[in-house]
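Participant: Data file entry-v6.cif (mmCIF, C-alpha atoms) is appended below.
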data_query
#
loop_
_atom_site.label_atom_id
_atom_site.label_comp_id
_atom_site.auth_asym_id
_atom_site.auth_seq_id
_atom_site.Cartn_x
_atom_site.Cartn_y
_atom_site.Cartn_z
CA MET A 7 18.01 89.21 21.68
CA ALA A 8 18.46 92.72 23.18
CA ASP A 9 21.28 91.45 25.45
CA ALA A 10 22.99 89.80 22.51
CA THR A 11 22.80 93.03 20.51
CA THR A 12 24.18 95.07 23.47
CA ASN A 13 27.08 92.60 23.90
CA TYR A 14 27.77 92.71 20.16
CA VAL A 15 27.90 96.52 20.17
CA GLN A 16 30.15 96.57 23.29
CA ASN A 17 32.57 94.12 21.65
CA LEU A 18 32.69 96.03 18.36
CA SER A 19 35.92 97.80 19.40
CA ASN A 20 37.64 94.40 19.80
CA LYS A 21 36.68 93.28 16.27
CA SER A 22 38.64 93.91 13.11
CA ALA A 23 37.07 95.61 10.08
CA TYR A 24 37.07 92.26 8.25
CA GLU A 25 35.11 90.56 11.06
CA ILE A 26 32.51 93.36 11.20
CA SER A 27 31.95 93.30 7.44
CA HIS A 28 31.72 89.51 7.54
CA ASP A 29 29.07 89.71 10.27
CA PHE A 30 27.06 92.31 8.34
CA GLY A 31 27.29 90.23 5.15
CA PHE A 32 26.05 87.17 6.98
CA GLY A 33 23.16 89.18 8.47
CA ALA A 34 22.12 90.49 5.03
CA TYR A 35 22.32 86.95 3.63
CA ARG A 36 20.02 85.63 6.37
CA VAL A 37 17.49 88.43 5.74
CA LEU A 38 17.52 87.64 1.98
CA GLU A 39 17.18 83.92 2.67
CA ALA A 40 14.21 84.47 4.99
CA GLY A 41 12.56 86.73 2.39
CA LEU A 42 13.04 84.19 -0.41
CA ILE A 43 11.72 81.30 1.70
CA SER A 44 8.67 83.34 2.67
CA LYS A 45 8.03 84.38 -0.96
CA GLY A 46 8.59 80.86 -2.27
CA ALA A 47 6.27 79.33 0.31
CA GLY A 48 3.52 81.83 -0.57
CA PHE A 49 3.93 81.21 -4.31
CA GLY A 50 3.97 77.41 -3.80
CA LEU A 51 0.75 77.61 -1.80
CA ASN A 52 -0.92 79.63 -4.59
CA VAL A 53 0.27 77.11 -7.22
CA ALA A 54 -1.32 74.29 -5.19
CA LYS A 55 -4.48 76.34 -4.72
CA TYR A 56 -5.07 77.91 -8.18
CA GLY A 57 -2.64 76.22 -10.61
CA LEU A 58 0.60 77.55 -12.07
CA GLY A 59 -0.84 80.04 -14.58
CA GLU A 60 -3.20 81.73 -12.13
CA ALA A 61 -0.55 81.77 -9.38
CA MET A 62 1.88 83.49 -11.76
CA TRP A 63 -0.83 85.98 -12.78
CA GLN A 64 -1.43 86.87 -9.11
CA SER A 65 2.26 87.05 -8.24
CA SER A 66 3.90 90.45 -7.99
CA THR A 67 7.18 89.01 -9.34
CA PHE A 68 5.75 87.17 -12.38
CA GLY A 69 2.35 88.83 -12.82
CA PRO A 70 1.22 91.62 -15.17
CA ARG A 71 2.30 94.27 -12.64
CA SER A 72 5.88 92.96 -12.61
CA VAL A 73 8.50 95.44 -13.84
CA ILE A 74 10.34 92.50 -15.45
CA PHE A 75 7.63 90.39 -17.14
CA GLY A 76 4.59 92.69 -16.93
CA ARG A 77 2.11 93.54 -19.69
CA TYR A 78 0.17 96.77 -20.13
CA HIS A 79 -2.82 97.18 -22.44
CA SER A 80 -5.29 100.04 -22.05
CA GLN A 81 -8.31 97.73 -22.48
CA PHE A 82 -7.27 94.18 -21.55
CA VAL A 83 -4.60 94.77 -18.89
CA PRO A 84 -5.17 98.36 -17.71
CA HIS A 85 -3.71 97.63 -14.27
CA GLY A 86 -0.49 96.22 -15.74
CA THR A 87 3.05 97.49 -16.14
CA ARG A 88 5.19 97.33 -19.24
CA GLY A 89 7.92 94.84 -18.27
CA PHE A 90 11.38 95.54 -19.64
CA LEU A 91 11.91 91.90 -20.73
CA ASN A 92 8.49 91.78 -22.38
CA ALA A 93 8.97 93.94 -25.43
CA GLY A 94 10.15 93.66 -28.99
CA MET A 95 9.10 91.53 -31.94
CA ASN A 96 11.09 88.32 -31.72
CA ASN A 97 12.54 88.06 -28.24
CA GLY A 98 10.77 88.50 -24.95
CA ILE A 99 9.66 86.86 -21.75
CA GLY A 100 6.38 87.81 -20.13
CA TRP A 101 2.63 88.08 -20.52
CA SER A 102 0.92 88.23 -23.88
CA ASN A 103 -2.39 87.20 -25.48
CA HIS A 104 -3.42 84.10 -27.38
CA GLY A 105 -6.85 84.94 -28.69
CA SER A 106 -8.71 86.29 -25.70
CA GLN A 107 -6.58 84.37 -23.19
CA HIS A 108 -3.64 85.72 -21.24
CA VAL A 109 -0.50 83.65 -21.73
CA PHE A 110 2.96 83.79 -20.15
CA ARG A 111 5.51 82.99 -22.82
CA ALA A 112 9.23 82.97 -23.53
CA LYS A 113 10.04 83.85 -27.12
CA ILE A 114 13.47 83.53 -28.71
CA ASN A 115 14.03 84.41 -32.38
CA GLY A 116 10.29 84.42 -32.98
CA THR A 117 9.70 80.92 -31.58
CA LYS A 118 7.74 80.38 -28.39
CA TYR A 119 9.48 77.86 -26.15
CA LEU A 120 7.30 78.31 -23.10
CA GLN A 121 3.58 78.94 -23.00
CA ILE A 122 1.63 78.94 -19.75
CA TYR A 123 -2.03 79.94 -19.90
CA LYS A 124 -3.51 82.01 -17.09
CA MET B 2 -17.39 103.13 -27.58
CA ALA B 3 -18.02 103.09 -31.34
CA ASN B 4 -18.24 99.84 -33.24
CA PHE B 5 -18.65 99.85 -37.02
CA LYS B 6 -18.01 97.73 -40.07
CA LEU B 7 -14.99 98.71 -42.08
CA SER B 8 -16.01 99.73 -45.57
CA LYS B 9 -14.82 102.09 -48.25
CA ILE B 10 -17.76 104.47 -47.82
CA GLU B 11 -17.02 105.18 -44.13
CA THR B 12 -15.84 108.67 -43.43
CA LYS B 13 -12.91 109.59 -41.25
CA GLU B 14 -15.16 111.45 -38.80
CA LYS B 15 -15.53 108.45 -36.55
CA PHE B 16 -11.81 108.54 -35.83
CA GLU B 17 -11.98 112.12 -34.58
CA GLU B 18 -12.70 110.87 -31.07
CA LEU B 19 -9.15 109.56 -30.92
CA THR B 20 -6.31 111.89 -30.07
CA SER B 21 -2.52 112.08 -30.31
CA LEU B 22 -0.56 109.26 -31.97
CA THR B 23 -3.44 106.78 -31.71
CA GLY B 24 -5.65 109.06 -33.79
CA ILE B 25 -2.98 109.79 -36.41
CA ILE B 26 -1.95 106.18 -37.03
CA SER B 27 -5.56 104.91 -36.91
CA ILE B 28 -6.63 107.33 -39.66
CA LYS B 29 -3.58 106.45 -41.78
CA LEU B 30 -4.28 102.74 -41.36
CA PHE B 31 -7.96 103.27 -42.20
CA GLU B 32 -6.99 105.16 -45.37
CA PHE B 33 -4.58 102.39 -46.31
CA LEU B 34 -7.18 99.66 -45.80
CA THR B 35 -9.92 101.48 -47.69
CA GLY B 36 -7.60 102.50 -50.53
CA PRO B 37 -6.91 100.57 -53.74
CA GLY B 38 -5.52 97.06 -53.47
CA VAL B 39 -7.94 95.60 -50.93
CA LYS B 40 -10.28 92.96 -52.29
CA GLN B 41 -12.96 92.61 -49.60
CA LEU B 42 -13.73 94.29 -46.28
CA ASP B 43 -17.19 92.79 -45.69
CA ASN B 44 -16.30 90.95 -42.50
CA CYS B 45 -13.90 93.57 -41.09
CA GLU B 46 -14.72 95.93 -38.28
CA VAL B 47 -13.27 98.68 -36.14
CA ILE B 48 -13.92 99.31 -32.46
CA ILE B 49 -13.05 102.70 -31.01
CA PHE B 50 -12.79 103.10 -27.23
CA SER B 51 -12.79 106.87 -27.02
CA GLU B 52 -12.59 106.97 -23.20
CA LYS B 53 -9.39 104.89 -23.31
CA ASN B 54 -8.10 106.43 -26.53
CA MET B 55 -7.81 103.01 -28.10
CA CYS B 56 -8.64 101.63 -31.52
CA SER B 57 -8.91 97.96 -32.59
CA PHE B 58 -8.99 96.78 -36.21
CA PHE B 59 -10.40 93.29 -36.81
CA LEU B 60 -9.66 91.97 -40.30
CA ASN B 61 -11.62 88.73 -40.58
CA SER B 62 -11.58 86.82 -43.83
CA ILE B 63 -14.94 85.46 -44.97
CA ILE B 64 -13.77 82.28 -46.64
CA LYS B 65 -10.41 82.08 -44.85
CA GLU B 66 -8.53 83.03 -48.00
CA GLU B 67 -6.63 85.57 -45.93
CA ALA B 68 -5.30 85.18 -42.39
CA ASP B 69 -7.21 86.95 -39.61
CA PHE B 70 -5.47 90.11 -38.43
CA LYS B 71 -6.06 92.06 -35.26
CA ILE B 72 -4.36 95.40 -34.69
CA ASP B 73 -4.69 97.22 -31.37
CA ILE B 74 -3.53 100.83 -31.18
CA TYR B 75 -3.45 102.39 -27.71
CA ASP B 76 -1.48 105.15 -25.99
CA LYS B 77 1.88 105.25 -27.80
CA TYR B 78 1.94 101.54 -28.60
CA PHE B 79 0.46 98.93 -30.91
CA ASP B 80 -0.07 95.16 -30.89
CA LEU B 81 -0.40 92.96 -33.95
CA PHE B 82 -1.91 89.47 -33.94
CA VAL B 83 -2.29 87.04 -36.85
CA ASN B 84 -4.64 84.06 -36.39
CA ASP B 85 -4.66 84.83 -32.65
CA GLU B 86 -0.86 84.49 -32.47
CA GLU B 87 1.16 87.42 -31.22
CA ILE B 88 3.47 88.95 -33.83
CA VAL B 89 4.23 92.29 -32.20
CA ILE B 90 3.25 93.47 -28.73
CA GLN B 91 3.90 96.71 -26.90
CA GLN B 92 5.72 98.15 -29.91
CA LYS B 93 6.28 101.91 -29.75
CA ILE B 94 4.51 103.84 -32.51
CA LEU B 95 7.23 106.43 -32.89
CA PRO B 96 8.35 107.09 -35.56
CA ILE B 97 4.92 106.88 -37.20
CA GLU B 98 6.22 106.18 -40.73
CA ASN B 99 8.24 103.17 -39.59
CA SER B 100 5.41 101.70 -37.53
CA LEU B 101 2.93 102.19 -40.37
CA GLU B 102 5.33 100.60 -42.84
CA LEU B 103 5.79 97.64 -40.50
CA ILE B 104 2.02 97.05 -40.29
CA GLN B 105 1.59 97.60 -44.03
CA ASN B 106 4.32 95.08 -44.84
CA TYR B 107 2.54 92.41 -42.79
CA LEU B 108 -0.75 93.21 -44.54
CA LYS B 109 0.94 93.00 -47.96
CA SER B 110 2.73 89.74 -47.22
CA LYS B 111 1.76 86.24 -48.26
CA ILE B 112 1.48 84.01 -45.20
CA ILE B 113 2.35 80.32 -44.95
CA GLU B 114 1.35 78.47 -41.80
CA GLU B 115 2.94 75.10 -41.05
CA VAL B 116 1.52 72.93 -38.29
CA PHE B 117 2.97 69.63 -37.09
CA LYS B 118 0.42 67.49 -35.25
CA SER B 119 0.59 64.17 -33.47
CA LYS B 120 -1.78 61.29 -34.13
CA LYS B 121 -3.91 62.47 -31.22
CA ASN B 122 -4.18 65.93 -32.83
CA ILE B 123 -1.80 67.61 -30.38
CA THR B 124 0.03 70.55 -31.93
CA LEU B 125 3.74 69.85 -31.64
CA ARG B 126 5.07 72.75 -33.65
CA LYS B 127 3.52 75.70 -35.41
CA THR B 128 5.26 78.21 -37.66
CA ILE B 129 3.84 81.27 -39.41
CA LYS B 130 6.06 82.68 -42.18
CA PHE B 131 5.58 86.04 -43.87
CA TYR B 132 6.77 86.59 -47.45
CA LEU B 133 6.87 90.01 -49.08
CA ASN B 134 7.80 89.98 -52.79
CA LYS B 135 8.95 86.34 -52.40
CA LYS B 136 11.35 87.36 -49.65
CA LYS B 137 10.82 86.12 -46.10
CA ILE B 138 10.40 89.09 -43.77
CA ASN B 139 9.69 87.26 -40.52
CA SER B 140 8.63 83.97 -39.04
CA VAL B 141 7.05 83.28 -35.69
CA GLY B 142 5.93 80.09 -34.07
CA SER B 143 5.64 77.91 -31.03
CA ILE B 144 7.08 74.55 -30.10
CA LEU B 145 5.91 71.99 -27.54
CA ALA B 146 8.44 71.49 -24.75
CA ILE B 147 8.39 67.67 -25.08
CA PRO B 148 7.62 66.94 -28.78
CA TYR B 149 9.76 63.75 -28.81
CA LEU B 150 7.18 61.97 -26.61
CA PHE B 151 4.61 62.12 -29.42
CA LYS B 152 5.11 60.15 -32.62
CA ASN B 153 3.24 59.72 -35.92
CA LYS B 154 3.26 63.42 -36.59
CA HIS B 155 1.85 64.84 -39.79
CA LYS B 156 2.37 68.23 -41.38
CA ILE B 157 -0.35 70.64 -42.50
CA ILE B 158 0.52 73.61 -44.70
CA ILE B 159 -1.98 76.45 -45.09
CA GLU B 160 -1.31 79.31 -47.51
CA TYR B 161 -2.99 82.69 -47.08
CA ALA B 162 -3.24 85.44 -49.67
CA PRO B 163 -2.17 88.98 -48.72
CA TRP B 164 -4.80 91.41 -47.49
CA VAL B 165 -3.44 94.28 -49.55
CA TYR B 166 -2.06 93.96 -53.08
CA GLU B 167 0.30 96.43 -54.70
CA PRO B 168 -1.76 98.49 -57.23
CA ARG B 169 0.10 96.93 -60.22
CA ASN B 170 -0.29 93.38 -58.92
CA PHE B 171 -3.88 94.02 -57.90
CA GLN B 172 -4.87 94.94 -61.44
CA THR B 173 -3.37 91.75 -62.88
CA PHE B 174 -4.91 89.78 -60.00
CA LEU B 175 -8.38 91.11 -60.82
CA GLU B 176 -7.91 90.43 -64.54
CA ARG B 177 -6.76 86.89 -63.85
CA GLY B 178 -9.62 86.36 -61.40
CA ALA B 179 -12.19 87.57 -63.91
CA SER B 180 -10.92 85.31 -66.67
CA SER B 181 -10.31 82.09 -64.74
CA GLY B 182 -12.14 82.44 -61.41
CA ILE B 183 -10.30 83.33 -58.23
CA SER B 184 -8.89 80.30 -56.43
CA ALA B 185 -10.31 80.78 -52.96
CA GLY B 186 -9.65 79.17 -49.62
CA GLY B 187 -6.47 78.18 -47.82
CA ASN B 188 -4.71 75.38 -49.66
CA GLN B 189 -4.22 72.45 -47.35
CA GLY B 190 -1.72 69.76 -48.10
#
Rewrite the structure of this file - the entire thing - as structure tokens.

Facilitator:
Amino acid sequence: MADATTNYVQNLSNKSAYEISHDFGFGAYRVLEAGLISKGAGFGLNVAKYGLGEAMWQSSTFGPRSVIFGRYHSQFVPHGTRGFLNAGMNNGIGWSNHGSQHVFRAKINGTKYLQIYK
Amino acid sequence: MANFKLSKIETKEKFEELTSLTGIISIKLFEFLTGPGVKQLDNCEVIIFSEKNMCSFFLNSIIKEEADFKIDIYDKYFDLFVNDEEIVIQQKILPIENSLELIQNYLKSKIIEEVFKSKKNITLRKTIKFYLNKKKINSVGSILAIPYLFKNKHKIIIEYAPWVYEPRNFQTFLERGASSGISAGGNQG
């Protein structure tokens, strides 16, 4: 790995700007891919272990701490974050309450199309 | 934490534990609910979490003539639930007048709940409609992702009276109720 990196750096002067940017782009893509696979595998394991609702609740991407779908309430979800997609009266995606239960829902024009209980 | 029944003889002192916007809007809502136009508050209560600066109003109807309301006021936000269904969540209180008017409009509105159920009593679709002065102000609901798999559905319509009547309408409502007996209970058809 170290030899390969040294060779790559030594050959940099022989490469065009297009080739270098292509190589960097490919490297970034591989890092992103590895991250997504790792995240997806972890989430899939939690779904198998606890069920979809609980796995989503524990996830940092879909859970109450998420900056996208999160829910903050000073009594019921004090550790949560107010997600930017989870606000407003009629449209929103994120965590809410149904009675005393936490529910992940997608609401469009006042109608809930998705409802997953924790 | 303070927990007390909501009644017209309560004083505002209990709300003094709350500060900032939560305190202001809680007192205004309390005044509105204990003012003229409200028929019964026997089953209603307020919980104040002074350490979290939060106030929860529970408006529970005794004979289910009115829909059950829950209003949470915390930090700079409020949540509103009707029959355990979310109507408004994480709504900013500012400006106070607009937020108060929004809550008051829901409390003044007549509510019609429509539920479609399958033969096995699975809820396929549920809609809650709010009418203020015979004009629809909002409707919320939920729909099952695969309703076409269930047949033999039947529809249930439940009508709820408003919690707060306009003073003029309230007077005529009381007069009518005294002469003919108030028709109580959600009409099911």

Participant: Which residues of chain A are close to chain B, meaning at most 6 Å apart when you count all atoms listed in the file, and how do they look as a PyMOL selection string?

Facilitator: chain A and resi 93+95+104-105+116-119

Participant: Measuring between all atoms listed in the file, which one of B:Val39, B:Thr23, B:Ala68, B:Phe151 shows the shortest distance to Lys121 (chain B)?

Facilitator: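 For Lys121 (chain B), the nearest of the given residues is B:Phe151.
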
Participant: Have a look at CA of Gln107 (chain A) and CA of Lys124 (chain A) and let me know their distance in Å, one decimal.

Facilitator: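 Distance between the two atoms: 7.2 Å.
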
Participant: Going by the chain IDs and residue numbers used in this file, which residues fall under the PyMOL selection byres ((chain B and resi 29-33) around 10)? Write them as an NGL selection string.

Facilitator: :B and (7-9 or 11-13 or 16 or 24-28 or 34-39 or 47 or 58 or 72 or 97-98 or 101-102 or 104-105 or 165)

Participant: So how far away is CA of Asn103 (chain A) from CA of Asp43 (chain B), in Å?

Facilitator: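 About the pair CA of Asp43 (chain B) and CA of Asn103 (chain A): they are 25.7 Å apart.
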
Participant: Please complete region 80-91 of chain A so it has all heavy atoms, and hand it over as a CSV table (one decimal), in the frame of the given file.

Facilitator:
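selection19.csv was written with the following content:
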chain,number,residue,atom,x,y,z
A,80,SER,N,-4.3,99.1,-22.6
A,80,SER,CA,-5.3,100.0,-22.0
A,80,SER,C,-6.7,99.4,-21.9
A,80,SER,O,-7.5,99.9,-21.1
A,80,SER,CB,-5.4,101.3,-22.9
A,80,SER,OG,-5.6,101.0,-24.2
A,81,GLN,N,-7.0,98.4,-22.7
A,81,GLN,CA,-8.3,97.7,-22.5
A,81,GLN,C,-8.2,96.4,-21.7
A,81,GLN,O,-8.9,96.2,-20.7
A,81,GLN,CB,-8.9,97.5,-23.8
A,81,GLN,CG,-10.4,97.0,-23.7
A,81,GLN,CD,-10.9,96.2,-24.9
A,81,GLN,OE1,-10.2,96.1,-25.9
A,81,GLN,NE2,-12.1,95.7,-24.8
A,82,PHE,N,-7.3,95.5,-22.1
A,82,PHE,CA,-7.3,94.2,-21.6
A,82,PHE,C,-6.5,94.1,-20.2
A,82,PHE,O,-6.8,93.3,-19.4
A,82,PHE,CB,-6.7,93.2,-22.6
A,82,PHE,CG,-7.4,93.2,-23.9
A,82,PHE,CD1,-6.8,93.5,-25.1
A,82,PHE,CD2,-8.8,93.0,-23.9
A,82,PHE,CE1,-7.4,93.6,-26.3
A,82,PHE,CE2,-9.5,93.1,-25.1
A,82,PHE,CZ,-8.8,93.4,-26.3
A,83,VAL,N,-5.4,94.8,-20.1
A,83,VAL,CA,-4.6,94.8,-18.9
A,83,VAL,C,-4.3,96.2,-18.4
A,83,VAL,O,-3.2,96.7,-18.4
A,83,VAL,CB,-3.3,94.0,-19.1
A,83,VAL,CG1,-2.7,93.5,-17.8
A,83,VAL,CG2,-3.4,92.9,-20.1
A,84,PRO,N,-5.4,97.0,-18.1
A,84,PRO,CA,-5.2,98.4,-17.7
A,84,PRO,C,-4.4,98.6,-16.4
A,84,PRO,O,-3.8,99.6,-16.2
A,84,PRO,CB,-6.6,98.9,-17.6
A,84,PRO,CG,-7.5,97.7,-17.4
A,84,PRO,CD,-6.8,96.6,-18.0
A,85,HIS,N,-4.4,97.5,-15.5
A,85,HIS,CA,-3.7,97.6,-14.3
A,85,HIS,C,-2.3,97.2,-14.4
A,85,HIS,O,-1.5,97.2,-13.4
A,85,HIS,CB,-4.4,96.8,-13.2
A,85,HIS,CG,-4.5,95.3,-13.6
A,85,HIS,ND1,-5.5,94.9,-14.5
A,85,HIS,CD2,-3.8,94.3,-13.3
A,85,HIS,CE1,-5.3,93.6,-14.6
A,85,HIS,NE2,-4.3,93.2,-13.9
A,86,GLY,N,-1.8,96.8,-15.6
A,86,GLY,CA,-0.5,96.2,-15.7
A,86,GLY,C,0.6,97.2,-15.9
A,86,GLY,O,0.4,98.4,-15.9
A,87,THR,N,1.8,96.7,-16.0
A,87,THR,CA,3.0,97.5,-16.1
A,87,THR,C,3.8,96.9,-17.3
A,87,THR,O,3.8,95.7,-17.6
A,87,THR,CB,4.0,97.3,-14.9
A,87,THR,OG1,3.2,97.6,-13.7
A,87,THR,CG2,5.2,98.3,-15.0
A,88,ARG,N,4.4,97.8,-18.1
A,88,ARG,CA,5.2,97.3,-19.2
A,88,ARG,C,6.5,96.8,-18.8
A,88,ARG,O,7.4,97.5,-18.4
A,88,ARG,CB,5.4,98.5,-20.2
A,88,ARG,CG,5.8,98.1,-21.6
A,88,ARG,CD,5.7,99.2,-22.6
A,88,ARG,NE,4.3,99.4,-22.9
A,88,ARG,CZ,3.5,100.4,-22.6
A,88,ARG,NH1,4.0,101.4,-21.8
A,88,ARG,NH2,2.3,100.5,-23.0
A,89,GLY,N,6.7,95.5,-18.7
A,89,GLY,CA,7.9,94.8,-18.3
A,89,GLY,C,9.1,95.0,-19.2
A,89,GLY,O,8.9,95.0,-20.4
A,90,PHE,N,10.3,95.2,-18.7
A,90,PHE,CA,11.4,95.5,-19.6
A,90,PHE,C,11.9,94.3,-20.4
A,90,PHE,O,12.5,94.4,-21.5
A,90,PHE,CB,12.5,96.3,-18.9
A,90,PHE,CG,13.3,95.4,-17.9
A,90,PHE,CD1,14.4,94.6,-18.4
A,90,PHE,CD2,13.0,95.4,-16.6
A,90,PHE,CE1,15.1,93.8,-17.5
A,90,PHE,CE2,13.7,94.6,-15.7
A,90,PHE,CZ,14.7,93.8,-16.1
A,91,LEU,N,11.6,93.1,-19.9
A,91,LEU,CA,11.9,91.9,-20.7
A,91,LEU,C,10.8,91.5,-21.7
A,91,LEU,O,11.0,90.6,-22.5
A,91,LEU,CB,12.2,90.7,-19.8
A,91,LEU,CG,13.5,90.6,-19.1
A,91,LEU,CD1,13.6,89.3,-18.3
A,91,LEU,CD2,14.7,90.7,-20.1
